[in-house]
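**Q** One file: input.cif (mmCIF, C-alpha atoms and all ligand atoms).
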data_input
#
loop_
_atom_site.label_atom_id
_atom_site.label_comp_id
_atom_site.auth_asym_id
_atom_site.auth_seq_id
_atom_site.Cartn_x
_atom_site.Cartn_y
_atom_site.Cartn_z
CA MET A 1 0.00 0.00 0.00
CA HIS A 2 1.18 3.52 -0.81
CA LYS A 3 1.49 5.80 2.18
CA LYS A 4 2.09 9.54 2.16
CA GLY A 5 2.14 12.25 4.82
CA PHE A 6 -0.61 14.84 4.45
CA ILE A 7 -0.02 18.04 6.40
CA PHE A 8 -2.85 20.52 6.72
CA ASP A 9 -2.56 24.17 7.68
CA LEU A 10 -5.46 25.19 9.96
CA ASP A 11 -6.60 28.80 9.53
CA GLY A 12 -8.10 29.28 6.06
CA VAL A 13 -7.63 25.62 5.06
CA ILE A 14 -9.58 23.56 7.59
CA VAL A 15 -11.67 26.29 9.18
CA ASP A 16 -12.80 29.71 8.07
CA THR A 17 -10.90 31.56 10.82
CA ALA A 18 -8.85 33.78 8.49
CA LYS A 19 -11.78 36.24 8.57
CA TYR A 20 -11.63 36.41 12.39
CA HIS A 21 -7.88 37.05 12.39
CA PHE A 22 -8.56 39.85 9.88
CA LEU A 23 -11.32 41.43 12.00
CA ALA A 24 -9.25 41.26 15.18
CA TRP A 25 -6.10 42.69 13.58
CA LYS A 26 -8.05 45.44 11.83
CA LYS A 27 -9.73 46.50 15.08
CA LEU A 28 -6.39 46.51 16.88
CA ALA A 29 -4.52 48.38 14.13
CA ASN A 30 -7.25 51.02 13.81
CA SER A 31 -7.33 51.46 17.61
CA ILE A 32 -3.72 52.63 17.50
CA GLY A 33 -4.28 54.79 14.42
CA VAL A 34 -2.87 52.41 11.81
CA ASP A 35 -4.78 51.68 8.58
CA PHE A 36 -5.18 48.02 7.73
CA SER A 37 -6.19 46.79 4.29
CA GLU A 38 -7.14 43.35 2.92
CA ALA A 39 -3.87 43.35 0.95
CA GLN A 40 -1.88 43.87 4.14
CA ASN A 41 -3.92 41.13 5.78
CA GLU A 42 -2.80 38.75 3.02
CA GLN A 43 0.78 39.34 4.16
CA LEU A 44 -0.14 38.29 7.69
CA LYS A 45 -1.64 34.93 6.72
CA GLY A 46 0.46 32.09 8.09
CA VAL A 47 2.54 34.61 10.05
CA SER A 48 2.88 34.25 13.86
CA ARG A 49 1.09 36.57 16.27
CA VAL A 50 4.30 38.35 17.34
CA ARG A 51 5.53 38.84 13.79
CA SER A 52 2.08 40.06 12.68
CA LEU A 53 2.04 42.80 15.32
CA GLU A 54 5.62 43.78 14.44
CA LYS A 55 4.56 44.18 10.81
CA ILE A 56 1.49 46.27 11.68
CA LEU A 57 3.61 48.56 13.86
CA ALA A 58 6.17 48.91 11.06
CA TRP A 59 3.42 49.80 8.54
CA GLY A 60 2.15 52.48 10.94
CA ASN A 61 5.64 53.66 11.87
CA LYS A 62 4.98 53.00 15.57
CA THR A 63 7.33 51.97 18.34
CA LEU A 64 6.02 50.53 21.58
CA SER A 65 7.46 49.48 24.91
CA GLU A 66 7.66 45.76 25.61
CA ALA A 67 4.74 46.01 28.03
CA GLU A 68 2.57 47.86 25.50
CA PHE A 69 3.47 45.31 22.84
CA SER A 70 2.48 42.40 25.00
CA GLY A 71 -0.72 44.20 26.07
CA LEU A 72 -1.73 44.58 22.41
CA MET A 73 -0.95 40.91 21.71
CA ASP A 74 -3.30 39.94 24.53
CA LEU A 75 -6.01 42.32 23.31
CA LYS A 76 -5.84 40.88 19.81
CA ASN A 77 -6.02 37.33 21.07
CA ASP A 78 -8.91 38.05 23.46
CA ASP A 79 -10.84 39.61 20.60
CA TYR A 80 -9.99 36.67 18.31
CA LEU A 81 -11.05 34.16 21.00
CA SER A 82 -14.42 35.89 21.35
CA TYR A 83 -15.12 34.77 17.77
CA ILE A 84 -13.54 31.33 18.23
CA ASN A 85 -15.61 30.55 21.31
CA LYS A 86 -18.75 30.74 19.18
CA MET A 87 -17.44 28.35 16.52
CA ASP A 88 -18.93 24.99 15.66
CA GLU A 89 -18.70 22.39 12.87
CA SER A 90 -20.51 24.69 10.45
CA GLU A 91 -17.24 26.63 10.07
CA ILE A 92 -15.30 23.70 8.68
CA LEU A 93 -14.52 24.62 5.08
CA PRO A 94 -16.27 22.67 2.27
CA ASP A 95 -15.25 19.03 1.77
CA VAL A 96 -12.46 19.19 4.38
CA THR A 97 -14.05 16.50 6.57
CA LYS A 98 -14.71 14.35 3.50
CA THR A 99 -11.07 14.68 2.36
CA LEU A 100 -9.75 13.81 5.85
CA ASP A 101 -12.04 10.77 6.00
CA VAL A 102 -10.95 9.54 2.56
CA LEU A 103 -7.28 9.87 3.56
CA ILE A 104 -7.88 8.07 6.87
CA GLU A 105 -9.79 5.30 5.10
CA LYS A 106 -6.86 4.89 2.70
CA GLY A 107 -4.41 4.56 5.61
CA GLN A 108 -2.60 7.85 5.03
CA ALA A 109 -0.67 9.73 7.72
CA ILE A 110 -2.24 13.07 8.65
CA ALA A 111 -0.77 15.99 10.59
CA LEU A 112 -1.64 19.58 11.35
CA GLY A 113 1.03 22.19 10.58
CA SER A 114 -0.15 25.57 11.85
CA ALA A 115 1.40 28.80 13.14
CA SER A 116 -1.48 29.24 15.57
CA LYS A 117 -1.16 28.80 19.30
CA ASN A 118 -4.94 28.29 19.38
CA ALA A 119 -4.89 25.24 17.09
CA THR A 120 -5.86 22.50 19.54
CA PRO A 121 -8.87 24.30 21.07
CA ILE A 122 -10.11 25.20 17.58
CA LEU A 123 -9.88 21.57 16.39
CA GLN A 124 -11.70 20.50 19.54
CA LYS A 125 -14.46 23.04 18.94
CA VAL A 126 -15.12 21.71 15.45
CA HIS A 127 -14.64 18.07 16.53
CA LEU A 128 -11.78 17.29 14.17
CA LEU A 129 -8.95 16.80 16.67
CA GLU A 130 -9.15 13.01 16.67
CA LYS A 131 -8.57 12.85 12.92
CA PHE A 132 -4.94 14.00 13.30
CA GLU A 133 -2.08 11.66 14.10
CA ALA A 134 0.20 14.62 14.92
CA ILE A 135 -0.35 18.27 15.77
CA VAL A 136 2.40 20.83 15.19
CA ASP A 137 1.41 24.38 16.02
CA GLY A 138 2.70 27.77 17.14
CA ASN A 139 3.64 26.32 20.53
CA ASP A 140 6.09 23.84 18.97
CA VAL A 141 8.13 25.93 16.58
CA SER A 142 10.91 28.45 17.04
CA LYS A 143 10.96 29.62 13.42
CA ALA A 144 7.78 30.84 11.75
CA LYS A 145 6.66 30.13 8.16
CA PRO A 146 8.15 30.67 5.54
CA ASP A 147 10.73 28.68 7.50
CA PRO A 148 9.96 24.99 6.85
CA GLU A 149 10.39 23.97 10.53
CA VAL A 150 6.68 23.40 11.23
CA PHE A 151 6.29 21.00 8.29
CA LEU A 152 9.61 19.23 8.90
CA ILE A 153 8.57 18.51 12.50
CA GLY A 154 5.23 17.26 11.15
CA ALA A 155 6.96 14.87 8.73
CA LYS A 156 9.18 13.57 11.51
CA LEU A 157 6.22 12.91 13.83
CA LEU A 158 4.46 11.06 11.01
CA LYS A 159 7.69 9.13 10.35
CA MET A 160 7.60 10.22 6.70
CA LYS A 161 10.35 11.66 4.51
CA PRO A 162 9.70 15.32 3.51
CA GLU A 163 9.58 14.33 -0.18
CA ASP A 164 6.71 11.94 0.68
CA CYS A 165 4.65 14.72 2.23
CA ILE A 166 1.94 16.93 0.79
CA VAL A 167 1.03 20.28 2.33
CA PHE A 168 -2.30 22.12 2.04
CA GLU A 169 -1.87 25.86 2.58
CA ASP A 170 -3.80 29.10 2.04
CA SER A 171 -0.89 31.47 2.72
CA VAL A 172 2.07 32.58 0.63
CA ALA A 173 4.42 32.06 3.61
CA GLY A 174 3.08 28.52 4.08
CA VAL A 175 3.44 27.60 0.40
CA GLN A 176 7.03 28.84 0.50
CA ALA A 177 7.67 26.82 3.68
CA ALA A 178 6.34 23.65 2.00
CA ASN A 179 8.45 24.27 -1.10
CA THR A 180 11.59 24.82 0.97
CA ALA A 181 10.82 21.58 2.84
CA ASN A 182 10.72 19.84 -0.57
CA MET A 183 7.10 18.79 -0.07
CA ILE A 184 4.32 18.98 -2.65
CA SER A 185 2.60 22.32 -2.01
CA ILE A 186 -1.10 22.59 -2.67
CA GLY A 187 -2.50 26.11 -2.48
CA ILE A 188 -6.08 26.48 -1.29
CA GLY A 189 -7.35 29.83 -2.52
CA GLU A 190 -6.66 32.26 -5.32
CA GLU A 191 -4.22 31.56 -8.16
CA GLU A 192 -2.98 35.20 -8.22
CA VAL A 193 -1.93 34.95 -4.58
CA LEU A 194 -0.71 31.35 -4.39
CA HIS A 195 1.07 31.02 -7.77
CA GLU A 196 4.22 29.58 -6.11
CA ALA A 197 2.27 26.44 -5.14
CA ASP A 198 2.71 23.22 -7.16
CA TYR A 199 -1.08 22.90 -7.52
CA ILE A 200 -3.87 25.33 -6.68
CA PHE A 201 -7.55 24.74 -5.90
CA LYS A 202 -10.17 27.25 -4.80
CA ASP A 203 -11.27 24.78 -2.13
CA PHE A 204 -11.44 21.05 -1.49
CA THR A 205 -14.64 20.66 -3.52
CA GLU A 206 -12.51 21.27 -6.63
CA MET A 207 -10.06 18.48 -5.85
CA SER A 208 -11.07 15.29 -7.68
CA SER A 209 -10.74 11.84 -6.15
CA ASP A 210 -8.36 10.99 -9.02
CA PHE A 211 -6.09 13.82 -7.92
CA VAL A 212 -6.08 12.55 -4.33
CA GLU A 213 -5.39 9.01 -5.62
CA GLY A 214 -2.51 10.39 -7.68
CA LEU A 215 -0.99 12.06 -4.63
CA ILE A 216 -1.19 8.80 -2.69
CA SER A 217 0.24 6.66 -5.51
CA GLY A 218 2.98 9.17 -6.28
CA ASP A 219 1.80 9.67 -9.89
CA ILE A 220 1.24 13.34 -9.02
CA LYS A 221 4.62 14.84 -8.30
CA LYS A 222 6.11 18.13 -7.24
C1 LIG B 301 -1.88 31.47 11.33
C2 LIG B 301 -2.77 32.55 10.78
O1 LIG B 301 -2.45 30.22 11.05
O2 LIG B 301 -1.74 31.60 12.74
C3 LIG B 301 -2.24 33.93 11.19
O3 LIG B 301 -2.80 32.46 9.37
C4 LIG B 301 -2.10 33.98 12.71
O4 LIG B 301 -3.15 34.90 10.74
C5 LIG B 301 -1.19 32.84 13.18
O5 LIG B 301 -1.53 35.22 13.10
C6 LIG B 301 -1.04 32.82 14.70
O6 LIG B 301 -2.28 32.47 15.25
P1 LIG B 301 -2.66 32.63 16.78
O7 LIG B 301 -3.98 31.91 16.88
O8 LIG B 301 -1.57 31.96 17.58
O9 LIG B 301 -2.73 34.08 17.07
MG MG B 302 -3.61 29.52 6.90
#
Here is a file; write its structure as structure tokens.
Ligand code: BG6
Ligand code: MG
**A**
Amino acid sequence: MHKKGFIFDLDGVIVDTAKYHFLAWKKLANSIGVDFSEAQNEQLKGVSRVRSLEKILAWGNKTLSEAEFSGLMDLKNDDYLSYINKMDESEILPDVTKTLDVLIEKGQAIALGSASKNATPILQKVHLLEKFEAIVDGNDVSKAKPDPEVFLIGAKLLKMKPEDCIVFEDSVAGVQAANTANMISIGIGEEEVLHEADYIFKDFTEMSSDFVEGLISGDIKK
């Protein structure tokens, strides 16, 4: 039997939380007098909480004390969590559960590879946690995407070689991380944004069962 490692990003791939990160960052940025556009938000996707705030401050030309910085990080996360606490299965993105179930049924190894420190509670909320053999999140990495660390740890936990892994990502930083790790990168989202990915789909409903079969058999390559 063919076995591959399938590593899923969380925010914007499994669940529709990218919109909540956007709302929380926009509120925070505006509260300190910094404009925040959708294009800037795109640059924060896949990027850690600390790095995101650093970028927002740089865009607004602001310098803060350490205490102010950490206060704003907490504010952003509290606001984000107020959305997350209301989440349920309805916020799982289309055909994600189906894809996970097909992969499990076919004996594939499945991991989460996310920058978020909120990954486990989110997966619990939407009742998907038990589908993952390994979870690698923002609490486990020292180098953020586009560094490949998160995916390399994932491959190791799944006992798979990086070249036998496939990554699903909605962020530019994540696609770059997968490419640097020498894994097949599959962009979930817009072609214009994710053009560095090996393959791109708008969402999982567009991914045929033949394509998934091809990934498992190795007929579909990087
Ligand atoms: C990534 C998101 O998955 O996680 C980013 O794309 C977010 O937008 C990052 O900043 C960190 O998430 P959290 O939940 O630890 O603030
Ligand atoms: Mg993402």
**Q** Within 6 Å of ligand MG 302 (chain B), which residues of chain A show up? Give each one with its shortest atom-to-atom distance in Å (one decimal) and the two atoms involved, counting all atoms listed in the file, rows by chain then rising residue number, as CSV.
**A**
residue,atom,partner,partner_atom,distance
A:Asp9,CA,B:MG302,MG,5.5
A:Leu10,CA,B:MG302,MG,5.6
A:Asp11,CA,B:MG302,MG,4.0
A:Gly12,CA,B:MG302,MG,4.6
A:Val13,CA,B:MG302,MG,5.9
A:Lys45,CA,B:MG302,MG,5.8
A:Gly46,CA,B:MG302,MG,5.0
A:Glu169,CA,B:MG302,MG,5.9
A:Asp170,CA,B:MG302,MG,4.9
A:Ser171,CA,B:MG302,MG,5.4
**Q** Of the residues A:Asp140, A:Asp79, A:Glu192, A:Asp95, which is the one nearest to A:Met207, using all atoms listed in the file?
**A**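 Looking only at the distances to A:Met207, the closest residue turns out to be A:Asp95.
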**Q** Counting only C-alpha atoms, I want the residues whose atoms come within 8 Å of (-16.1, 19.6, 16.0) in the file frame, returned as an mmCIF file with C-alpha atoms, keeping the file's coordinate frame.
**A**
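Output file out03.cif follows:
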data_model
loop_
_atom_site.group_PDB
_atom_site.id
_atom_site.type_symbol
_atom_site.label_atom_id
_atom_site.label_comp_id
_atom_site.auth_asym_id
_atom_site.auth_seq_id
_atom_site.Cartn_x
_atom_site.Cartn_y
_atom_site.Cartn_z
ATOM 1 C CA ASP A 88 -18.930 24.990 15.660
ATOM 2 C CA GLU A 89 -18.700 22.390 12.870
ATOM 3 C CA LEU A 123 -9.880 21.570 16.390
ATOM 4 C CA GLN A 124 -11.700 20.500 19.540
ATOM 5 C CA LYS A 125 -14.460 23.040 18.940
ATOM 6 C CA VAL A 126 -15.120 21.710 15.450
ATOM 7 C CA HIS A 127 -14.640 18.070 16.530
ATOM 8 C CA LEU A 128 -11.780 17.290 14.170
ATOM 9 C CA LEU A 129 -8.950 16.800 16.670
#
**Q** Around all the atoms of ligand LIG 301 (chain B) listed in the file, with 3 Å of room on each side, what axis-aligned box do you get, giving centre and edge lengths in Å to one decimal, as JSON?
**A**
{"center_x": -2.5, "center_y": 32.7, "center_z": 13.5, "size_x": 8.9, "size_y": 11.0, "size_z": 14.2}
**Q** Report, in Å to a single decimal, how far apart atom CA of A:Ile135 and atom CA of A:Leu28 are.
**A**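 Interatomic distance here is 28.9 Å.
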**Q** Hey, what's within 12 Å of A:Asn30 if we count only C-alpha atoms and toss same-chain stuff fewer than 5 positions away? As a list in words, please?
**A**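 These residues fall inside the cut-off: Phe22, Leu23, Ala24, Trp25, Asp35, Phe36, Ser37, Ile56, Leu57, Trp59, Gly60 and Lys76 of chain A.
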**Q** By how many Å are atom CA of A:Lys156 and atom CA of A:Ser185 apart?
**A** 17.4 Å
**Q** Between A:Val172, A:Ala134, A:Leu103, A:Leu215, which one has atoms that come closest to ligand LIG 301 (chain B), using all atoms listed in the file?
**A**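 The shortest atom-to-atom distance to ligand LIG 301 (chain B) comes from A:Val172.
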**Q** Counting all atoms listed in the file, figure out which residue out of A:Ser65, A:Thr180, A:Asn41, A:Ser48 gets nearest to ligand LIG 301 (chain B).
**A**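 Comparing A:Ser65, A:Thr180, A:Asn41, A:Ser48 against ligand LIG 301 (chain B), the winner is A:Ser48.
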**Q** For A:Glu206, which residue out of A:Lys4, A:Gly187, A:Ala58, A:Glu38 is the nearest one, using only C-alpha atoms?
**A**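 Among A:Lys4, A:Gly187, A:Ala58, A:Glu38, it is A:Gly187 that comes nearest to A:Glu206.
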**Q** Point out the residue among A:Glu196, A:Glu191, A:Asp74, A:Glu68 with the least atom-to-atom distance to ligand LIG 301 (chain B), counting all atoms listed in the file.
**A**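 Answer, going by the shortest atom-to-atom distance: A:Asp74.
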**Q** Counting only C-alpha atoms, figure out which residue out of A:Pro162, A:Gly174, A:Pro94, A:Pro121 gets nearest to A:Pro146.
**A**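 Of A:Pro162, A:Gly174, A:Pro94, A:Pro121, the one nearest A:Pro146, counting only C-alpha atoms, is A:Gly174.
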**Q** Need the shell around A:Thr63: protein/DNA/RNA residues with any atom at most 12 Å away, counting all atoms listed in the file. Skip same-chain ones fewer than 6 positions apart. Format as a list in words?
**A**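 Those residues are Ile32, Leu53, Glu54, Lys55, Ile56, Leu57 and Phe69 of chain A.
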**Q** As an NGL selection string, please: the residues near A:Ile110 (cut-off 10 Å, all atoms listed in the file, same-chain neighbours under 4 positions excluded).
**A** :A and (4-8 or 100 or 103-104 or 131-135 or 154-155 or 157-158 or 165-166)
**Q** Anything within 9 Å of (-1.7, 19.3, -5.2): list those residues as a PDB file with C-alpha atoms, in the coordinates of the input, counting only C-alpha atoms and sticking to the file's coordinates.
**A**
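So the final result, stored in result-v1.pdb, reads:
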ATOM      1  CA  ILE A 166       1.940  16.930   0.790  1.00  0.00           C
ATOM      2  CA  VAL A 167       1.030  20.280   2.330  1.00  0.00           C
ATOM      3  CA  PHE A 168      -2.300  22.120   2.040  1.00  0.00           C
ATOM      4  CA  ILE A 184       4.320  18.980  -2.650  1.00  0.00           C
ATOM      5  CA  SER A 185       2.600  22.320  -2.010  1.00  0.00           C
ATOM      6  CA  ILE A 186      -1.100  22.590  -2.670  1.00  0.00           C
ATOM      7  CA  GLY A 187      -2.500  26.110  -2.480  1.00  0.00           C
ATOM      8  CA  ALA A 197       2.270  26.440  -5.140  1.00  0.00           C
ATOM      9  CA  ASP A 198       2.710  23.220  -7.160  1.00  0.00           C
ATOM     10  CA  TYR A 199      -1.080  22.900  -7.520  1.00  0.00           C
ATOM     11  CA  ILE A 200      -3.870  25.330  -6.680  1.00  0.00           C
ATOM     12  CA  PHE A 201      -7.550  24.740  -5.900  1.00  0.00           C
ATOM     13  CA  MET A 207     -10.060  18.480  -5.850  1.00  0.00           C
ATOM     14  CA  PHE A 211      -6.090  13.820  -7.920  1.00  0.00           C
ATOM     15  CA  VAL A 212      -6.080  12.550  -4.330  1.00  0.00           C
ATOM     16  CA  LEU A 215      -0.990  12.060  -4.630  1.00  0.00           C
ATOM     17  CA  ILE A 220       1.240  13.340  -9.020  1.00  0.00           C
ATOM     18  CA  LYS A 221       4.620  14.840  -8.300  1.00  0.00           C
ATOM     19  CA  LYS A 222       6.110  18.130  -7.240  1.00  0.00           C
TER      20      LYS A 222
END
**Q** Which polymer residues have any atom within 9 Å of an atom of A:His2, counting all atoms listed in the file, with same-chain residues fewer than 2 positions away left out, as an MDAnalysis selection string?
**A** chainID A and resid 4 106:108 216:218
**Q** Might you pull out every residue within 12 Å of A:Asp78, with all atoms listed in the file counted and same-chain residues fewer than 6 positions away left off, and present them as JSON, numbers by chain?
**A** {"A": [20, 21, 24, 25, 27, 28, 71, 72, 84, 85, 118]}
**Q** Find the distance between atom O2 of ligand LIG 301 (chain B) and atom CA of A:Arg49 and write it in Å to one decimal.
**A** 6.7 Å
**Q** Please supply stretch 185-213 of chain A, rebuilt with N, CA and C atoms, as a compact mmCIF listing (two decimals), in the frame of the given file.
**A**
# COMPACT_ATOMS: atom_id res chain seq x y z
N SER A 185 3.41 21.24 -2.59
CA SER A 185 2.60 22.32 -2.01
C SER A 185 1.30 22.46 -2.78
N ILE A 186 0.21 22.42 -2.04
CA ILE A 186 -1.10 22.59 -2.67
C ILE A 186 -1.74 23.84 -2.08
N GLY A 187 -1.90 24.85 -2.91
CA GLY A 187 -2.50 26.11 -2.48
C GLY A 187 -4.01 25.98 -2.47
N ILE A 188 -4.62 26.46 -1.39
CA ILE A 188 -6.08 26.48 -1.29
C ILE A 188 -6.48 27.95 -1.30
N GLY A 189 -7.00 28.41 -2.42
CA GLY A 189 -7.35 29.83 -2.52
C GLY A 189 -7.18 30.34 -3.93
N GLU A 190 -6.73 31.58 -4.01
CA GLU A 190 -6.66 32.26 -5.32
C GLU A 190 -5.32 32.05 -6.01
N GLU A 191 -5.40 31.76 -7.31
CA GLU A 191 -4.22 31.56 -8.16
C GLU A 191 -3.26 32.76 -8.12
N GLU A 192 -3.82 33.99 -8.20
CA GLU A 192 -2.98 35.20 -8.22
C GLU A 192 -2.12 35.31 -6.97
N VAL A 193 -2.66 34.84 -5.85
CA VAL A 193 -1.93 34.95 -4.58
C VAL A 193 -0.96 33.77 -4.40
N LEU A 194 -1.43 32.58 -4.77
CA LEU A 194 -0.71 31.35 -4.39
C LEU A 194 0.07 30.74 -5.55
N HIS A 195 0.47 31.57 -6.54
CA HIS A 195 1.07 31.02 -7.77
C HIS A 195 2.36 30.22 -7.54
N GLU A 196 3.00 30.36 -6.36
CA GLU A 196 4.22 29.58 -6.11
C GLU A 196 3.91 28.12 -5.75
N ALA A 197 2.63 27.81 -5.52
CA ALA A 197 2.27 26.44 -5.14
C ALA A 197 2.37 25.50 -6.34
N ASP A 198 2.63 24.20 -6.07
CA ASP A 198 2.71 23.22 -7.16
C ASP A 198 1.34 23.02 -7.82
N TYR A 199 0.30 23.04 -7.01
CA TYR A 199 -1.08 22.90 -7.52
C TYR A 199 -1.95 23.86 -6.72
N ILE A 200 -3.00 24.37 -7.37
CA ILE A 200 -3.87 25.33 -6.68
C ILE A 200 -5.34 24.94 -6.89
N PHE A 201 -6.10 24.96 -5.82
CA PHE A 201 -7.55 24.74 -5.90
C PHE A 201 -8.24 25.83 -5.10
N LYS A 202 -9.41 26.22 -5.55
CA LYS A 202 -10.17 27.25 -4.80
C LYS A 202 -10.54 26.72 -3.42
N ASP A 203 -10.99 25.46 -3.41
CA ASP A 203 -11.27 24.78 -2.13
C ASP A 203 -11.26 23.28 -2.39
N PHE A 204 -11.54 22.50 -1.35
CA PHE A 204 -11.44 21.05 -1.49
C PHE A 204 -12.52 20.45 -2.39
N THR A 205 -13.59 21.20 -2.64
CA THR A 205 -14.64 20.66 -3.52
C THR A 205 -14.11 20.53 -4.96
N GLU A 206 -13.06 21.30 -5.26
CA GLU A 206 -12.51 21.27 -6.63
C GLU A 206 -11.48 20.17 -6.83
N MET A 207 -11.11 19.49 -5.76
CA MET A 207 -10.06 18.48 -5.85
C MET A 207 -10.71 17.13 -6.14
N SER A 208 -10.40 16.54 -7.31
CA SER A 208 -11.07 15.29 -7.68
C SER A 208 -10.49 14.12 -6.89
N SER A 209 -11.26 13.03 -6.84
CA SER A 209 -10.74 11.84 -6.15
C SER A 209 -9.56 11.26 -6.92
N ASP A 210 -9.53 11.46 -8.24
CA ASP A 210 -8.36 10.99 -9.02
C ASP A 210 -7.10 11.73 -8.60
N PHE A 211 -7.24 13.03 -8.34
CA PHE A 211 -6.09 13.82 -7.92
C PHE A 211 -5.56 13.30 -6.59
N VAL A 212 -6.48 13.06 -5.65
CA VAL A 212 -6.08 12.55 -4.33
C VAL A 212 -5.41 11.18 -4.49
N GLU A 213 -5.99 10.33 -5.33
CA GLU A 213 -5.39 9.01 -5.62
C GLU A 213 -3.98 9.17 -6.16
